[in-house]
>>> print(open('data-v1.pdb').read())   # PDB, C-alpha atoms
ATOM      1  CA  PRO A   1      55.336 144.545 205.257
ATOM      2  CA  MET A   2      51.812 145.787 205.988
ATOM      3  CA  LEU A   3      50.782 148.755 203.837
ATOM      4  CA  ALA A   4      47.896 150.919 205.035
ATOM      5  CA  THR A   5      45.468 152.124 202.354
ATOM      6  CA  VAL A   6      45.324 155.914 202.122
ATOM      7  CA  SER A   7      43.542 158.372 199.846
ATOM      8  CA  LEU A   8      45.165 161.219 197.957
ATOM      9  CA  GLN A   9      43.536 163.748 200.282
ATOM     10  CA  GLN A  10      44.997 162.019 203.360
ATOM     11  CA  LEU A  11      48.602 162.289 202.220
ATOM     12  CA  PRO A  12      50.761 164.542 204.413
ATOM     13  CA  ALA A  13      52.945 167.164 202.751
ATOM     14  CA  SER A  14      56.124 165.301 203.715
ATOM     15  CA  CYS A  15      54.946 162.084 202.033
ATOM     16  CA  VAL A  16      56.717 160.518 199.066
ATOM     17  CA  VAL A  17      54.531 158.605 196.597
ATOM     18  CA  LEU A  18      56.405 155.972 194.607
ATOM     19  CA  CYS A  19      54.553 155.230 191.373
ATOM     20  CA  ALA A  20      54.654 152.280 189.001
ATOM     21  CA  THR A  21      54.903 154.608 185.976
ATOM     22  CA  GLN A  22      56.013 158.130 185.162
ATOM     23  CA  ARG A  23      52.588 158.889 183.708
ATOM     24  CA  LEU A  24      50.875 158.007 187.000
ATOM     25  CA  ALA A  25      53.337 160.166 188.923
ATOM     26  CA  GLN A  26      52.424 163.157 186.750
ATOM     27  CA  GLN A  27      48.688 162.468 187.018
ATOM     28  CA  LEU A  28      48.804 162.256 190.823
ATOM     29  CA  SER A  29      50.788 165.478 191.077
ATOM     30  CA  GLN A  30      48.262 167.307 188.886
ATOM     31  CA  SER A  31      45.309 165.857 190.793
ATOM     32  CA  HIS A  32      46.868 166.819 194.118
ATOM     33  CA  ASP A  33      47.353 170.416 192.942
ATOM     34  CA  GLN A  34      43.746 170.626 191.728
ATOM     35  CA  HIS A  35      42.435 169.609 195.157
ATOM     36  CA  ALA A  36      44.814 171.851 197.107
ATOM     37  CA  ASP A  37      43.564 174.816 199.093
ATOM     38  CA  LYS A  38      44.145 177.701 196.670
ATOM     39  CA  SER A  39      43.701 180.282 199.447
ATOM     40  CA  ALA A  40      47.148 179.421 200.784
ATOM     41  CA  SER A  41      50.422 178.095 199.476
ATOM     42  CA  TRP A  42      50.720 174.331 199.300
ATOM     43  CA  ALA A  43      53.488 171.813 198.862
ATOM     44  CA  THR A  44      53.612 169.965 195.546
ATOM     45  CA  LEU A  45      53.116 166.238 195.931
ATOM     46  CA  GLN A  46      56.391 164.317 195.761
ATOM     47  CA  SER A  47      55.242 161.659 193.312
ATOM     48  CA  LYS A  48      57.900 159.865 191.290
ATOM     49  CA  THR A  49      58.872 156.438 190.062
ATOM     50  CA  PHE A  50      60.770 154.022 192.264
ATOM     51  CA  GLY A  51      63.934 154.470 190.191
ATOM     52  CA  GLN A  52      63.675 158.271 190.131
ATOM     53  CA  TRP A  53      63.416 158.436 193.912
ATOM     54  CA  LEU A  54      66.500 156.285 194.441
ATOM     55  CA  GLN A  55      68.553 158.099 191.825
ATOM     56  CA  GLU A  56      67.571 161.518 193.192
ATOM     57  CA  ARG A  57      68.758 160.402 196.620
ATOM     58  CA  TYR A  58      72.020 159.196 195.111
ATOM     59  CA  ALA A  59      72.525 162.517 193.291
ATOM     60  CA  ALA A  60      72.020 164.388 196.583
ATOM     61  CA  MET A  61      74.518 162.110 198.344
ATOM     62  CA  ALA A  62      77.069 162.494 195.550
ATOM     63  CA  LEU A  63      76.722 166.277 195.729
ATOM     64  CA  ARG A  64      77.568 166.153 199.434
ATOM     65  CA  GLY A  65      80.304 163.562 198.956
ATOM     66  CA  CYS A  66      78.562 161.072 201.247
ATOM     67  CA  GLU A  67      77.840 158.152 198.933
ATOM     68  CA  PRO A  68      77.615 154.670 200.490
ATOM     69  CA  PRO A  69      81.047 152.995 200.693
ATOM     70  CA  GLY A  70      80.149 150.479 197.998
ATOM     71  CA  LEU A  71      79.453 153.279 195.503
ATOM     72  CA  GLN A  72      82.351 155.609 196.149
ATOM     73  CA  GLY A  73      84.567 156.175 193.135
ATOM     74  CA  LEU A  74      82.049 154.710 190.677
ATOM     75  CA  ARG A  75      80.609 156.509 187.662
ATOM     76  CA  VAL A  76      76.919 155.877 187.065
ATOM     77  CA  LEU A  77      75.918 155.016 183.521
ATOM     78  CA  ASP A  78      72.773 156.603 182.151
ATOM     79  CA  GLY A  79      70.584 154.555 179.822
ATOM     80  CA  PHE A  80      72.314 155.721 176.652
ATOM     81  CA  GLN A  81      75.795 155.098 178.018
ATOM     82  CA  GLU A  82      74.834 151.652 179.275
ATOM     83  CA  ARG A  83      73.519 150.638 175.847
ATOM     84  CA  LEU A  84      76.788 151.789 174.263
ATOM     85  CA  VAL A  85      78.735 149.457 176.562
ATOM     86  CA  TRP A  86      76.376 146.594 175.707
ATOM     87  CA  GLU A  87      76.808 147.354 172.002
ATOM     88  CA  GLN A  88      80.593 147.166 172.330
ATOM     89  CA  ILE A  89      80.385 143.863 174.192
ATOM     90  CA  ILE A  90      77.966 142.303 171.701
ATOM     91  CA  HIS A  91      79.841 143.544 168.649
ATOM     92  CA  GLN A  92      83.099 142.067 169.941
ATOM     93  CA  SER A  93      81.474 138.724 170.732
ATOM     94  CA  LEU A  94      79.813 138.348 167.330
ATOM     95  CA  GLY A  95      82.782 139.177 165.169
ATOM     96  CA  PRO A  96      82.725 141.332 162.005
ATOM     97  CA  ASN A  97      80.797 138.903 159.775
ATOM     98  CA  ASP A  98      78.018 137.957 162.200
ATOM     99  CA  ALA A  99      77.660 141.571 163.317
ATOM    100  CA  LEU A 100      76.466 142.490 159.826
ATOM    101  CA  LEU A 101      73.499 140.131 160.185
ATOM    102  CA  PHE A 102      72.134 141.549 163.451
ATOM    103  CA  ASP A 103      70.728 144.836 164.687
ATOM    104  CA  ILE A 104      73.345 145.470 167.395
ATOM    105  CA  GLY A 105      71.404 148.369 168.879
ATOM    106  CA  ALA A 106      68.273 146.251 169.339
ATOM    107  CA  LEU A 107      70.291 143.395 170.840
ATOM    108  CA  ALA A 108      71.964 145.828 173.256
ATOM    109  CA  ALA A 109      68.621 147.265 174.375
ATOM    110  CA  THR A 110      67.206 143.766 174.935
ATOM    111  CA  ALA A 111      70.308 142.677 176.850
ATOM    112  CA  ALA A 112      70.163 145.780 179.058
ATOM    113  CA  ASP A 113      66.495 145.102 179.858
ATOM    114  CA  ALA A 114      67.242 141.444 180.644
ATOM    115  CA  HIS A 115      70.153 142.463 182.872
ATOM    116  CA  ALA A 116      67.903 144.864 184.812
ATOM    117  CA  LEU A 117      65.322 142.097 185.254
ATOM    118  CA  THR A 118      67.931 139.772 186.785
ATOM    119  CA  ILE A 119      68.777 142.494 189.321
ATOM    120  CA  ASN A 120      65.194 143.541 190.107
ATOM    121  CA  TRP A 121      63.967 139.965 190.483
ATOM    122  CA  GLY A 122      67.067 138.593 192.208
ATOM    123  CA  ILE A 123      67.757 136.047 189.479
ATOM    124  CA  PRO A 124      71.228 134.525 189.981
ATOM    125  CA  ALA A 125      73.700 134.744 187.131
ATOM    126  CA  PHE A 126      73.202 131.874 184.716
ATOM    127  CA  THR A 127      76.342 129.775 184.385
ATOM    128  CA  GLY A 128      75.579 128.547 180.885
ATOM    129  CA  ALA A 129      76.809 125.054 181.721
ATOM    130  CA  THR A 130      73.469 123.267 181.862
ATOM    131  CA  ALA A 131      72.278 121.212 178.937
ATOM    132  CA  PHE A 132      68.853 122.856 179.244
ATOM    133  CA  ALA A 133      70.191 126.289 178.346
ATOM    134  CA  SER A 134      69.133 127.713 175.014
ATOM    135  CA  GLU A 135      71.534 129.411 172.645
ATOM    136  CA  GLU A 136      69.999 132.772 173.592
ATOM    137  CA  GLN A 137      70.575 132.082 177.304
ATOM    138  CA  ARG A 138      74.185 131.107 176.724
ATOM    139  CA  ARG A 139      74.805 134.220 174.655
ATOM    140  CA  PHE A 140      73.221 136.495 177.238
ATOM    141  CA  CYS A 141      75.269 134.844 179.991
ATOM    142  CA  GLU A 142      78.469 135.568 178.070
ATOM    143  CA  TRP A 143      77.444 139.147 177.346
ATOM    144  CA  GLN A 144      76.377 139.844 180.929
ATOM    145  CA  SER A 145      79.635 138.427 182.296
ATOM    146  CA  ALA A 146      81.644 140.576 179.875
ATOM    147  CA  PHE A 147      79.491 143.626 180.683
ATOM    148  CA  LEU A 148      80.086 143.276 184.431
ATOM    149  CA  LYS A 149      83.790 142.734 183.874
ATOM    150  CA  ARG A 150      84.016 145.866 181.711
ATOM    151  CA  CYS A 151      82.153 147.895 184.334
ATOM    152  CA  ASN A 152      84.500 146.679 187.086
ATOM    153  CA  GLU A 153      87.559 147.529 184.997
ATOM    154  CA  LEU A 154      86.324 151.066 184.281
ATOM    155  CA  ASN A 155      84.671 151.728 187.691
ATOM    156  CA  LEU A 156      81.207 151.959 186.165
ATOM    157  CA  ILE A 157      77.813 150.935 187.520
ATOM    158  CA  ASP A 158      74.477 150.660 185.733
ATOM    159  CA  GLY A 159      71.189 152.006 187.046
ATOM    160  CA  ALA A 160      69.755 148.644 188.126
ATOM    161  CA  ARG A 161      72.776 147.721 190.251
ATOM    162  CA  LEU A 162      72.905 151.267 191.631
ATOM    163  CA  ASN A 163      69.310 150.974 192.857
ATOM    164  CA  ALA A 164      69.998 147.585 194.439
ATOM    165  CA  GLU A 165      73.030 148.929 196.302
ATOM    166  CA  LEU A 166      71.152 152.025 197.481
ATOM    167  CA  ILE A 167      68.407 149.819 198.914
ATOM    168  CA  ARG A 168      70.943 147.639 200.709
ATOM    169  CA  GLN A 169      72.437 150.778 202.242
ATOM    170  CA  LEU A 170      69.168 152.505 203.233
ATOM    171  CA  GLU A 171      69.634 151.862 206.941
ATOM    172  CA  ALA A 172      73.051 153.550 206.853
ATOM    173  CA  ASP A 173      71.837 156.304 204.511
ATOM    174  CA  SER A 174      73.065 159.726 205.598
ATOM    175  CA  LEU A 175      70.078 161.523 204.053
ATOM    176  CA  ARG A 176      66.843 161.989 205.919
ATOM    177  CA  LEU A 177      64.172 159.509 204.881
ATOM    178  CA  PRO A 178      60.506 160.525 204.539
ATOM    179  CA  GLU A 179      58.172 159.679 207.411
ATOM    180  CA  TRP A 180      55.559 158.370 204.955
ATOM    181  CA  VAL A 181      56.227 156.358 201.792
ATOM    182  CA  VAL A 182      53.163 155.422 199.750
ATOM    183  CA  PHE A 183      53.183 153.062 196.759
ATOM    184  CA  ALA A 184      50.797 153.658 193.857
ATOM    185  CA  GLY A 185      49.796 151.710 190.758
ATOM    186  CA  PHE A 186      51.733 148.497 191.400
ATOM    187  CA  ASP A 187      50.104 145.227 190.316
ATOM    188  CA  HIS A 188      52.919 143.351 192.050
ATOM    189  CA  TYR A 189      56.270 144.124 193.649
ATOM    190  CA  THR A 190      59.664 142.860 192.570
ATOM    191  CA  PRO A 191      61.881 141.296 195.257
ATOM    192  CA  LEU A 192      63.953 144.488 195.139
ATOM    193  CA  GLU A 193      60.899 146.652 195.846
ATOM    194  CA  VAL A 194      59.847 144.328 198.685
ATOM    195  CA  GLU A 195      63.336 144.605 200.172
ATOM    196  CA  CYS A 196      63.056 148.401 199.971
ATOM    197  CA  GLN A 197      59.762 148.236 201.881
ATOM    198  CA  ARG A 198      61.358 146.028 204.531
ATOM    199  CA  GLN A 199      64.282 148.401 204.927
ATOM    200  CA  LEU A 200      61.994 151.415 205.219
ATOM    201  CA  GLU A 201      59.822 149.632 207.790
ATOM    202  CA  ARG A 202      62.923 148.638 209.778
ATOM    203  CA  ILE A 203      64.093 152.250 209.815
ATOM    204  CA  GLY A 204      60.708 153.424 211.076
ATOM    205  CA  ALA A 205      59.034 154.911 208.011
ATOM    206  CA  ARG A 206      55.270 154.498 207.683
ATOM    207  CA  LEU A 207      54.242 152.576 204.574
ATOM    208  CA  GLY A 208      51.034 152.910 202.628
ATOM    209  CA  ILE A 209      49.319 152.024 199.383
ATOM    210  CA  LEU A 210      47.287 154.634 197.529
ATOM    211  CA  ALA A 211      43.582 153.900 197.214
ATOM    212  CA  GLN A 212      42.638 152.911 193.659
ATOM    213  CA  ASP A 213      40.042 155.656 193.352
ATOM    214  CA  ALA A 214      42.756 158.283 193.928
TER     215      ALA A 214
END
>>> encode(input="data-v1.pdb", output="structure tokens")
Amino acid sequence: PMLATVSLQQLPASCVVLCATQRLAQQLSQSHDQHADKSASWATLQSKTFGQWLQERYAAMALRGCEPPGLQGLRVLDGFQERLVWEQIIHQSLGPNDALLFDIGALAATAADAHALTINWGIPAFTGATAFASEEQRRFCEWQSAFLKRCNELNLIDGARLNAELIRQLEADSLRLPEWVVFAGFDHYTPLEVECQRQLERIGARLGILAQDA
């Protein structure tokens, strides 16, 4: 999609700015307030990370009981809860003796990050059958398969898969979408972020990229 370059001063009040980092989101909000007309009330800039925006929309839908069909009846794992599930999976796969040799918490955090990357970048699940697979790849494949199975059994969903499903359902989203969506601070876009842009463009939202001197 084509993204028009806009400055911070050009942003309409109804605009949502999706930022690459939480720090940038805070900086833009503060800068916007500093340049606002203090003689009258002004709307705070809606600057947030990509994940925050999606999860806030999901929270609003859940509150109204209008979640997308694919998410109804599922419990969303926060980061801490997701790592606990990964820890359980990894501990069970290693066995009691091997588990003593590894930092299970660190392995769980790494596995959770790798899982999110496969979702954000659209990397298909690795089957583990190829001779070119490393031991680490085979282990992660086993853990990811067990993680997804556990989530299905307990009606759980992690944040990365939640975001992907919300993007797929944007066109049927019951909540009002912003007229303007501006992206800020991104060096590149993941396939998931590009798909979000395509969905927003298809729905009729105007897309922009914040000028670097903002």
>>> residues_around(input="data-v1.pdb", residues="A:Ala112", least_positions_apart="2", cutoff="9 Å", atoms="only C-alpha atoms", output="list in words")
Gly79, Glu82, Arg83, Trp86, Leu107, Ala108, Ala109, Thr110, Ala114, His115, Ala116, Leu117 and Gln144 of chain A
>>> residues_near_point(input="data-v1.pdb", point="(65.5, 136.3, 195.0)", cutoff="12 Å", atoms="only C-alpha atoms", output="compact mmCIF listing (two decimals) with C-alpha atoms, in the frame of the given file")
# COMPACT_ATOMS: atom_id res chain seq x y z
CA LEU A 117 65.32 142.10 185.25
CA THR A 118 67.93 139.77 186.78
CA ILE A 119 68.78 142.49 189.32
CA ASN A 120 65.19 143.54 190.11
CA TRP A 121 63.97 139.96 190.48
CA GLY A 122 67.07 138.59 192.21
CA ILE A 123 67.76 136.05 189.48
CA PRO A 124 71.23 134.52 189.98
CA ALA A 125 73.70 134.74 187.13
CA THR A 190 59.66 142.86 192.57
CA PRO A 191 61.88 141.30 195.26
CA LEU A 192 63.95 144.49 195.14
CA GLU A 193 60.90 146.65 195.85
CA VAL A 194 59.85 144.33 198.68
CA GLU A 195 63.34 144.60 200.17
>>> resolve_selection(input="data-v1.pdb", expression="the PyMOL selection byres ((chain A and resi 200) around 10)", output="ChimeraX atom specification")
/A:1,167,170-171,177-181,194-199,201-207
>>> atom_distance(input="data-v1.pdb", atom1="atom CA of A:Ala211", atom2="atom CA of A:Ala164")
27.3 Å
>>> closest_residue(input="data-v1.pdb", among="A:Ala62, A:Ala111, A:Ala146, A:Leu162", to="A:Gln92", atoms="all atoms listed in the file")
A:Ala146
>>> closest_residue(input="data-v1.pdb", among="A:Arg75, A:Arg150, A:His35, A:Arg139", to="A:Tyr58", atoms="all atoms listed in the file")
A:Arg75
>>> residues_around(input="data-v1.pdb", residues="stretch 42-54 of chain A", least_positions_apart="2", cutoff="9 Å", atoms="all atoms listed in the file", output="count of residues only")
36
>>> atom_distance(input="data-v1.pdb", atom1="atom CA of A:Ser7", atom2="atom CA of A:Tyr189")
20.1 Å
>>> axis_aligned_box(input="data-v1.pdb", around="stretch 42-54 of chain A", padding_each_side="4 Å", output="AutoDock Vina command-line options")
--center_x 58.6 --center_y 164.2 --center_z 194.7 --size_x 23.8 --size_y 28.3 --size_z 17.2
>>> atom_distance(input="data-v1.pdb", atom1="atom CA of A:Ser134", atom2="atom CA of A:Leu94")
16.9 Å
>>> resolve_selection(input="data-v1.pdb", expression="the PyMOL selection byres ((chain A and resi 72) around 12)", output="PyMOL selection string")
chain A and resi 58+61-62+65-71+73-76+155-157+162+165-166
>>> write_last_selection(input="data-v1.pdb", atoms="C-alpha atoms", output="short mmCIF file (atom, residue, chain, number, x, y, z; two decimals), keeping the file's coordinate frame")
data_model
loop_
_atom_site.label_atom_id
_atom_site.label_comp_id
_atom_site.auth_asym_id
_atom_site.auth_seq_id
_atom_site.Cartn_x
_atom_site.Cartn_y
_atom_site.Cartn_z
CA TYR A 58 72.02 159.20 195.11
CA MET A 61 74.52 162.11 198.34
CA ALA A 62 77.07 162.49 195.55
CA GLY A 65 80.30 163.56 198.96
CA CYS A 66 78.56 161.07 201.25
CA GLU A 67 77.84 158.15 198.93
CA PRO A 68 77.61 154.67 200.49
CA PRO A 69 81.05 153.00 200.69
CA GLY A 70 80.15 150.48 198.00
CA LEU A 71 79.45 153.28 195.50
CA GLY A 73 84.57 156.18 193.14
CA LEU A 74 82.05 154.71 190.68
CA ARG A 75 80.61 156.51 187.66
CA VAL A 76 76.92 155.88 187.06
CA ASN A 155 84.67 151.73 187.69
CA LEU A 156 81.21 151.96 186.16
CA ILE A 157 77.81 150.94 187.52
CA LEU A 162 72.90 151.27 191.63
CA GLU A 165 73.03 148.93 196.30
CA LEU A 166 71.15 152.02 197.48
#
>>> closest_residue(input="data-v1.pdb", among="A:Gln55, A:Ser93, A:Gln9, A:Gln27", to="A:Phe147", atoms="all atoms listed in the file")
A:Ser93
>>> build_atoms(input="data-v1.pdb", residues="stretch 146-181 of chain A", atoms="N, CA and C atoms", output="short mmCIF file (atom, residue, chain, number, x, y, z; two decimals), in the frame of the given file")
data_model
loop_
_atom_site.label_atom_id
_atom_site.label_comp_id
_atom_site.auth_asym_id
_atom_site.auth_seq_id
_atom_site.Cartn_x
_atom_site.Cartn_y
_atom_site.Cartn_z
N ALA A 146 80.71 139.62 180.46
CA ALA A 146 81.64 140.58 179.88
C ALA A 146 81.27 142.01 180.25
N PHE A 147 79.96 142.29 180.31
CA PHE A 147 79.49 143.63 180.68
C PHE A 147 79.93 143.97 182.11
N LEU A 148 79.72 143.04 183.03
CA LEU A 148 80.09 143.28 184.43
C LEU A 148 81.60 143.42 184.58
N LYS A 149 82.33 142.63 183.83
CA LYS A 149 83.79 142.73 183.87
C LYS A 149 84.25 144.09 183.37
N ARG A 150 83.66 144.55 182.26
CA ARG A 150 84.02 145.87 181.71
C ARG A 150 83.69 146.98 182.71
N CYS A 151 82.53 146.88 183.34
CA CYS A 151 82.15 147.90 184.33
C CYS A 151 83.14 147.92 185.50
N ASN A 152 83.54 146.75 185.98
CA ASN A 152 84.50 146.68 187.09
C ASN A 152 85.84 147.28 186.69
N GLU A 153 86.27 147.01 185.47
CA GLU A 153 87.56 147.53 185.00
C GLU A 153 87.55 149.05 184.89
N LEU A 154 86.41 149.62 184.52
CA LEU A 154 86.32 151.07 184.28
C LEU A 154 85.63 151.81 185.42
N ASN A 155 85.35 151.11 186.54
CA ASN A 155 84.67 151.73 187.69
C ASN A 155 83.32 152.34 187.30
N LEU A 156 82.52 151.54 186.61
CA LEU A 156 81.21 151.96 186.16
C LEU A 156 80.14 151.13 186.88
N ILE A 157 78.94 151.69 186.97
CA ILE A 157 77.81 150.94 187.52
C ILE A 157 76.56 151.35 186.77
N ASP A 158 75.73 150.38 186.43
CA ASP A 158 74.48 150.66 185.73
C ASP A 158 73.38 151.01 186.73
N GLY A 159 72.27 151.54 186.20
CA GLY A 159 71.19 152.01 187.05
C GLY A 159 70.56 150.92 187.90
N ALA A 160 70.39 149.73 187.37
CA ALA A 160 69.76 148.64 188.13
C ALA A 160 70.60 148.25 189.33
N ARG A 161 71.91 148.10 189.13
CA ARG A 161 72.78 147.72 190.25
C ARG A 161 72.92 148.88 191.23
N LEU A 162 72.87 150.11 190.74
CA LEU A 162 72.90 151.27 191.63
C LEU A 162 71.71 151.24 192.57
N ASN A 163 70.51 151.02 192.02
CA ASN A 163 69.31 150.97 192.86
C ASN A 163 69.40 149.87 193.91
N ALA A 164 69.89 148.70 193.50
CA ALA A 164 70.00 147.58 194.44
C ALA A 164 70.95 147.93 195.58
N GLU A 165 72.06 148.57 195.27
CA GLU A 165 73.03 148.93 196.30
C GLU A 165 72.48 150.01 197.22
N LEU A 166 71.75 150.97 196.66
CA LEU A 166 71.15 152.02 197.48
C LEU A 166 70.14 151.45 198.47
N ILE A 167 69.38 150.46 198.02
CA ILE A 167 68.41 149.82 198.91
C ILE A 167 69.12 149.06 200.03
N ARG A 168 70.18 148.37 199.68
CA ARG A 168 70.94 147.64 200.71
C ARG A 168 71.51 148.59 201.76
N GLN A 169 71.79 149.82 201.35
CA GLN A 169 72.44 150.78 202.24
C GLN A 169 71.45 151.76 202.88
N LEU A 170 70.14 151.53 202.73
CA LEU A 170 69.17 152.50 203.23
C LEU A 170 69.31 152.75 204.73
N GLU A 171 69.57 151.72 205.48
CA GLU A 171 69.63 151.86 206.94
C GLU A 171 70.81 152.74 207.35
N ALA A 172 71.88 152.73 206.55
CA ALA A 172 73.05 153.55 206.85
C ALA A 172 73.06 154.85 206.05
N ASP A 173 71.95 155.12 205.37
CA ASP A 173 71.84 156.30 204.51
C ASP A 173 71.99 157.57 205.35
N SER A 174 72.83 158.49 204.86
CA SER A 174 73.06 159.73 205.60
C SER A 174 71.98 160.77 205.36
N LEU A 175 71.14 160.57 204.34
CA LEU A 175 70.08 161.52 204.05
C LEU A 175 68.83 161.17 204.86
N ARG A 176 68.08 162.20 205.17
CA ARG A 176 66.84 161.99 205.92
C ARG A 176 65.82 161.27 205.04
N LEU A 177 65.20 160.26 205.60
CA LEU A 177 64.17 159.51 204.88
C LEU A 177 62.79 160.08 205.20
N PRO A 178 61.85 160.00 204.27
CA PRO A 178 60.51 160.52 204.54
C PRO A 178 59.81 159.71 205.62
N GLU A 179 58.93 160.38 206.38
CA GLU A 179 58.17 159.68 207.41
C GLU A 179 57.13 158.75 206.80
N TRP A 180 56.58 159.15 205.66
CA TRP A 180 55.56 158.37 204.96
C TRP A 180 56.06 158.03 203.56
N VAL A 181 55.96 156.78 203.17
CA VAL A 181 56.23 156.36 201.79
C VAL A 181 55.02 155.56 201.32
#
